[in-house]
Amino acid sequence: QLQLQESGSGLVKPSQTLSLTCVVSGDSLTSTGYSWSWIRQPPGNGLEWIGYIYHTGSTNYNPSLKTRVTISVDRTKNQFSLKLNSMTAADTAVYYCAREVRGPDAFDIWGQGTLVTVSS
Amino acid sequence: DIQMTQSPSSLSASVGDRVSITCRASQSISTYLNWYQQRPGSAPKLLISSSSTLQSGVPSRFTGSGSGTDFTLTISSLQPEDFGSYYCQQGSSTPWTFGQGTQVEMK
């Protein structure tokens with residue numbers, strides 16, 4: 001059974017860089033037909049897609065965050081990572097990693113989410 | 001970006017009620033529309049993909065319909081475990097976007 005688990009810094013100072021990792025267990029992230037996404041949700045608000053990566057390393061980012069985002073993959077560790085620089089209070093959110101099924105482009109497996117707070 | 005608008009933003013209903021939530025896209029997305037349920041403190045759960053394809057393990061009281069710009073999620077008989085928030089999401093073109101959510105509360 002595929003599971004995703006986020007880890008990383010829960011408290012980030014303004015202007016600094018957020019680093020999160022999503023470990024994939026129960027299957028390989030090189031399986032065909034899937035991409036691997038980051039999605040965030042500010043407290044009490046809706047969902048925002050940040051971007052995805054294929055196991056090949058090809059990426060697609062939300063233009064609203066494109067200048068600040070880097071998503072990378074480590075196939076040897078079966079994990080993918082998110083870096084978001086120049087953090088502000090507006091970036092405070094629960095960050096989820098998720099598997100995306102190509103075709104319907106639906107997120108069928110989600111991590112539990114990790115709260116990231118931007119504060120000095 | 002394709003804007004997704006859900007209505008209503010919230011609703012109050014009783015166990016056994018029939019509930020419908022609508023989602024409208026700012027342009028045609030064919031049937032590239034997915035629905036999620038989110039309970040407080042939990043990650044979203046995929047209920048329906050491609051407008052009407054029920055995910056494995058999701059009760060048959062959930063149905064999805066629509067194409068183009070207008071979509072509906074219907075719960076035929078609301079159960080206690082169905083209370084929470086529901087989101088639509090378009091998978092037609094990136095950036096993938098979500099509706100603002102509909103909160104289903106107990107009357």
# chains A, B, ... in the order shown; residues from 1 in each chain; ligands from 1

call {"tool": "closest_atom_pairs", "arguments": {"of": "chain A", "to": "chain B", "cutoff": "8 Å", "atoms": "only C-alpha atoms", "output": "tab-separated table"}}
result
residue	atom	partner	partner_atom	distance
A:Asn45	CA	B:Gln100	CA	7.7
A:Gly46	CA	B:Gln100	CA	5.4
A:Leu47	CA	B:Phe98	CA	6.2
A:Glu48	CA	B:Thr97	CA	6.8
A:Trp49	CA	B:Trp96	CA	6.2
A:Gly51	CA	B:Pro95	CA	7.9
A:Tyr61	CA	B:Pro95	CA	7.3
A:Asn62	CA	B:Pro95	CA	5.2
A:Pro63	CA	B:Pro95	CA	7.3
A:Tyr96	CA	B:Ala43	CA	7.7
A:Pro104	CA	B:Ser50	CA	5.6
A:Asp105	CA	B:Gly91	CA	5.0
A:Ala106	CA	B:Asn34	CA	6.3
A:Phe107	CA	B:Leu46	CA	6.7
A:Asp108	CA	B:Leu46	CA	5.5
A:Ile109	CA	B:Lys45	CA	7.7
A:Trp110	CA	B:Ala43	CA	6.5
A:Gly111	CA	B:Ala43	CA	7.0
A:Gln112	CA	B:Ala43	CA	5.7
A:Gly113	CA	B:Ala43	CA	6.6

call {"tool": "atom_distance", "arguments": {"atom1": "CA of Tyr52 in chain A", "atom2": "CA of Gln38 in chain B"}}
result
21.3 Å

call {"tool": "select_by_dssp", "arguments": {"residues": "chain B", "states": "strand (DSSP E or B)", "output": "JSON, numbers by chain"}}
result
{"B": [4, 5, 6, 7, 10, 11, 12, 13, 19, 20, 21, 22, 23, 24, 25, 33, 34, 35, 36, 37, 38, 45, 46, 47, 48, 49, 53, 54, 62, 63, 64, 65, 66, 67, 70, 71, 72, 73, 74, 75, 84, 85, 86, 87, 88, 89, 90, 97, 98, 102, 103, 104, 105, 106]}

call {"tool": "closest_residue", "arguments": {"among": "A:Gly33, A:Cys97, A:Lys83, A:Arg102", "to": "Ser9 in chain A", "atoms": "only C-alpha atoms"}}
result
A:Lys83

call {"tool": "residues_around", "arguments": {"residues": "Ser28 in chain A", "least_positions_apart": "4", "cutoff": "10 Å", "atoms": "only C-alpha atoms", "output": "list in words"}}
result
Leu2, Val24, Thr32, His55, Arg75, Thr76, Lys77, Asn78 and Gln79 of chain A

call {"tool": "closest_residue", "arguments": {"among": "A:Ser120, A:Ser58, A:Ser86, A:Thr114", "to": "Ser35 in chain A", "atoms": "only C-alpha atoms"}}
result
A:Ser58

call {"tool": "residues_around", "arguments": {"residues": "range 74-82 of chain B", "least_positions_apart": "5", "cutoff": "9 Å", "atoms": "only C-alpha atoms", "output": "PyMOL selection string"}}
result
chain B and resi 13-22+37+39+60-65+104+106

call {"tool": "write_last_selection", "arguments": {"atoms": "all heavy atoms", "output": "compact mmCIF listing (two decimals), in the first residue's frame"}}
result
# COMPACT_ATOMS: atom_id res chain seq x y z
N ALA B 13 -27.21 20.45 6.74
CA ALA B 13 -28.09 19.36 6.34
C ALA B 13 -28.17 18.32 7.44
O ALA B 13 -27.33 18.28 8.35
CB ALA B 13 -27.59 18.72 5.04
N SER B 14 -29.18 17.50 7.35
CA SER B 14 -29.41 16.44 8.34
C SER B 14 -29.04 15.08 7.76
O SER B 14 -29.02 14.90 6.53
CB SER B 14 -30.87 16.44 8.77
OG SER B 14 -31.23 17.68 9.34
N VAL B 15 -28.77 14.15 8.64
CA VAL B 15 -28.51 12.77 8.20
C VAL B 15 -29.71 12.28 7.39
O VAL B 15 -30.87 12.49 7.78
CB VAL B 15 -28.26 11.87 9.42
CG1 VAL B 15 -28.19 10.41 8.99
CG2 VAL B 15 -26.97 12.27 10.12
N GLY B 16 -29.42 11.70 6.24
CA GLY B 16 -30.47 11.21 5.36
C GLY B 16 -30.85 12.17 4.25
O GLY B 16 -31.52 11.77 3.29
N ASP B 17 -30.43 13.42 4.36
CA ASP B 17 -30.74 14.41 3.33
C ASP B 17 -30.00 14.12 2.04
O ASP B 17 -28.89 13.56 2.04
CB ASP B 17 -30.38 15.82 3.79
CG ASP B 17 -31.36 16.40 4.78
OD1 ASP B 17 -32.42 15.77 5.02
OD2 ASP B 17 -31.09 17.50 5.32
N ARG B 18 -30.56 14.56 0.93
CA ARG B 18 -29.89 14.56 -0.35
C ARG B 18 -29.20 15.92 -0.51
O ARG B 18 -29.83 16.97 -0.32
CB ARG B 18 -30.89 14.35 -1.49
CG ARG B 18 -30.29 14.31 -2.89
CD ARG B 18 -31.40 14.15 -3.91
NE ARG B 18 -30.92 14.10 -5.29
CZ ARG B 18 -30.55 12.99 -5.90
NH1 ARG B 18 -30.61 11.83 -5.28
NH2 ARG B 18 -30.13 13.03 -7.17
N VAL B 19 -27.92 15.89 -0.82
CA VAL B 19 -27.12 17.12 -0.87
C VAL B 19 -26.44 17.22 -2.23
O VAL B 19 -25.91 16.23 -2.75
CB VAL B 19 -26.04 17.09 0.24
CG1 VAL B 19 -25.02 18.19 0.04
CG2 VAL B 19 -26.69 17.19 1.62
N SER B 20 -26.47 18.41 -2.79
CA SER B 20 -25.79 18.65 -4.07
C SER B 20 -24.88 19.86 -3.96
O SER B 20 -25.25 20.88 -3.37
CB SER B 20 -26.81 18.88 -5.19
OG SER B 20 -27.50 17.69 -5.49
N ILE B 21 -23.70 19.72 -4.53
CA ILE B 21 -22.71 20.80 -4.58
C ILE B 21 -22.35 21.02 -6.04
O ILE B 21 -22.13 20.05 -6.78
CB ILE B 21 -21.44 20.42 -3.78
CG1 ILE B 21 -21.79 20.17 -2.31
CG2 ILE B 21 -20.37 21.49 -3.92
CD1 ILE B 21 -20.67 19.52 -1.52
N THR B 22 -22.32 22.26 -6.46
CA THR B 22 -21.99 22.54 -7.85
C THR B 22 -20.62 23.19 -7.97
O THR B 22 -20.13 23.85 -7.05
CB THR B 22 -23.04 23.42 -8.51
OG1 THR B 22 -23.07 24.69 -7.86
CG2 THR B 22 -24.42 22.80 -8.42
N GLN B 37 -13.00 15.03 -0.63
CA GLN B 37 -13.58 15.27 0.68
C GLN B 37 -12.44 15.51 1.66
O GLN B 37 -11.42 14.82 1.61
CB GLN B 37 -14.37 14.03 1.14
CG GLN B 37 -14.93 14.10 2.55
CD GLN B 37 -15.38 12.72 3.02
OE1 GLN B 37 -14.58 11.79 3.15
NE2 GLN B 37 -16.67 12.58 3.28
N ARG B 39 -11.92 15.97 5.83
CA ARG B 39 -12.39 16.06 7.20
C ARG B 39 -11.41 16.92 7.99
O ARG B 39 -10.22 17.00 7.64
CB ARG B 39 -12.53 14.67 7.81
CG ARG B 39 -13.55 13.79 7.10
CD ARG B 39 -13.87 12.56 7.90
NE ARG B 39 -14.87 11.73 7.24
CZ ARG B 39 -14.59 10.59 6.61
NH1 ARG B 39 -13.34 10.16 6.57
NH2 ARG B 39 -15.55 9.89 6.04
N SER B 60 -21.39 4.28 -2.77
CA SER B 60 -22.15 4.58 -3.98
C SER B 60 -23.15 5.72 -3.79
O SER B 60 -23.76 6.17 -4.76
CB SER B 60 -22.88 3.33 -4.47
OG SER B 60 -23.75 2.85 -3.46
N ARG B 61 -23.33 6.20 -2.58
CA ARG B 61 -24.21 7.36 -2.38
C ARG B 61 -23.60 8.64 -2.96
O ARG B 61 -24.29 9.64 -3.12
CB ARG B 61 -24.54 7.56 -0.90
CG ARG B 61 -23.36 7.86 -0.01
CD ARG B 61 -23.82 8.05 1.44
NE ARG B 61 -22.70 8.31 2.34
CZ ARG B 61 -22.00 7.36 2.94
NH1 ARG B 61 -22.32 6.09 2.72
NH2 ARG B 61 -20.99 7.67 3.75
N PHE B 62 -22.31 8.59 -3.28
CA PHE B 62 -21.65 9.73 -3.93
C PHE B 62 -21.73 9.55 -5.45
O PHE B 62 -21.34 8.51 -5.97
CB PHE B 62 -20.17 9.82 -3.52
CG PHE B 62 -19.95 10.22 -2.09
CD1 PHE B 62 -19.82 9.26 -1.10
CD2 PHE B 62 -19.86 11.57 -1.74
CE1 PHE B 62 -19.62 9.63 0.23
CE2 PHE B 62 -19.65 11.94 -0.43
CZ PHE B 62 -19.54 10.98 0.56
N THR B 63 -22.22 10.56 -6.14
CA THR B 63 -22.21 10.54 -7.59
C THR B 63 -21.74 11.89 -8.11
O THR B 63 -21.98 12.93 -7.49
CB THR B 63 -23.59 10.22 -8.18
OG1 THR B 63 -24.53 11.19 -7.71
CG2 THR B 63 -24.06 8.84 -7.80
N GLY B 64 -21.08 11.85 -9.26
CA GLY B 64 -20.63 13.06 -9.91
C GLY B 64 -21.16 13.10 -11.33
O GLY B 64 -21.33 12.07 -11.98
N SER B 65 -21.41 14.32 -11.81
CA SER B 65 -21.91 14.48 -13.17
C SER B 65 -21.46 15.81 -13.73
O SER B 65 -21.00 16.69 -12.99
CB SER B 65 -23.44 14.38 -13.19
OG SER B 65 -24.02 15.44 -12.44
N VAL B 104 -19.86 21.23 4.55
CA VAL B 104 -21.13 20.56 4.85
C VAL B 104 -21.21 20.37 6.36
O VAL B 104 -20.39 19.65 6.95
CB VAL B 104 -21.24 19.22 4.10
CG1 VAL B 104 -22.53 18.51 4.49
CG2 VAL B 104 -21.17 19.44 2.59
N MET B 106 -23.62 19.90 10.07
CA MET B 106 -24.80 19.22 10.59
C MET B 106 -25.86 20.23 11.00
O MET B 106 -25.55 21.21 11.70
CB MET B 106 -24.42 18.34 11.76
CG MET B 106 -25.56 17.49 12.29
SD MET B 106 -25.03 16.43 13.65
CE MET B 106 -23.76 15.48 12.85

call {"tool": "closest_residue", "arguments": {"among": "A:Tyr95, A:Ser31, A:Ile39, A:Tyr54", "to": "Glu6 in chain A", "atoms": "only C-alpha atoms"}}
result
A:Tyr95

call {"tool": "residues_around", "arguments": {"residues": "Leu20 in chain A", "least_positions_apart": "2", "cutoff": "6 Å", "atoms": "only C-alpha atoms", "output": "PDB file with all heavy atoms, in the first residue's frame"}}
result
ATOM      1  N   SER A   7       8.417  15.481   5.583  1.00  0.00           N
ATOM      2  CA  SER A   7       9.267  15.854   6.704  1.00  0.00           C
ATOM      3  C   SER A   7      10.011  17.123   6.323  1.00  0.00           C
ATOM      4  O   SER A   7      10.187  17.433   5.146  1.00  0.00           O
ATOM      5  CB  SER A   7      10.268  14.747   7.050  1.00  0.00           C
ATOM      6  OG  SER A   7      11.152  14.523   5.968  1.00  0.00           O
ATOM      7  N   GLY A   8      10.444  17.856   7.372  1.00  0.00           N
ATOM      8  CA  GLY A   8      11.196  19.068   7.115  1.00  0.00           C
ATOM      9  C   GLY A   8      10.933  20.132   8.151  1.00  0.00           C
ATOM     10  O   GLY A   8      10.308  19.881   9.181  1.00  0.00           O
ATOM     11  N   SER A  81      11.445  16.299  -3.247  1.00  0.00           N
ATOM     12  CA  SER A  81      11.632  17.399  -2.311  1.00  0.00           C
ATOM     13  C   SER A  81      11.120  18.715  -2.871  1.00  0.00           C
ATOM     14  O   SER A  81      11.017  18.901  -4.089  1.00  0.00           O
ATOM     15  CB  SER A  81      13.120  17.540  -1.954  1.00  0.00           C
ATOM     16  OG  SER A  81      13.604  16.362  -1.342  1.00  0.00           O
ATOM     17  N   LEU A  82      10.836  19.629  -1.952  1.00  0.00           N
ATOM     18  CA  LEU A  82      10.362  20.977  -2.282  1.00  0.00           C
ATOM     19  C   LEU A  82      11.270  21.995  -1.621  1.00  0.00           C
ATOM     20  O   LEU A  82      11.596  21.857  -0.427  1.00  0.00           O
ATOM     21  CB  LEU A  82       8.928  21.176  -1.759  1.00  0.00           C
ATOM     22  CG  LEU A  82       8.377  22.605  -1.771  1.00  0.00           C
ATOM     23  CD1 LEU A  82       8.114  23.069  -3.199  1.00  0.00           C
ATOM     24  CD2 LEU A  82       7.106  22.703  -0.927  1.00  0.00           C
TER      25      LEU A  82
END

call {"tool": "atom_distance", "arguments": {"atom1": "CA of Ser56 in chain B", "atom2": "CA of Pro42 in chain A"}}
result
29.0 Å

call {"tool": "residues_around", "arguments": {"residues": "Cys23 in chain B", "least_positions_apart": "5", "cutoff": "8 Å", "atoms": "only C-alpha atoms", "output": "VMD selection string"}}
result
chain B and resid 4 to 7 70 to 72 88 99

call {"tool": "residues_around", "arguments": {"residues": "Ser15 in chain A", "least_positions_apart": "5", "cutoff": "8 Å", "atoms": "only C-alpha atoms", "output": "PDB file with N, CA and C atoms, in the first residue's frame"}}
result
ATOM      1  N   ASN A  85      11.828  29.532  -1.691  1.00  0.00           N
ATOM      2  CA  ASN A  85      12.664  30.568  -1.095  1.00  0.00           C
ATOM      3  C   ASN A  85      11.896  31.862  -0.853  1.00  0.00           C
ATOM      4  N   SER A  86      12.568  32.792  -0.200  1.00  0.00           N
ATOM      5  CA  SER A  86      11.995  34.122   0.100  1.00  0.00           C
ATOM      6  C   SER A  86      10.638  34.005   0.787  1.00  0.00           C
ATOM      7  N   MET A  87      10.597  33.175   1.817  1.00  0.00           N
ATOM      8  CA  MET A  87       9.336  32.912   2.514  1.00  0.00           C
ATOM      9  C   MET A  87       8.814  34.159   3.231  1.00  0.00           C
ATOM     10  N   THR A  88       7.476  34.299   3.204  1.00  0.00           N
ATOM     11  CA  THR A  88       6.797  35.367   3.942  1.00  0.00           C
ATOM     12  C   THR A  88       5.657  34.745   4.743  1.00  0.00           C
TER      13      THR A  88
END
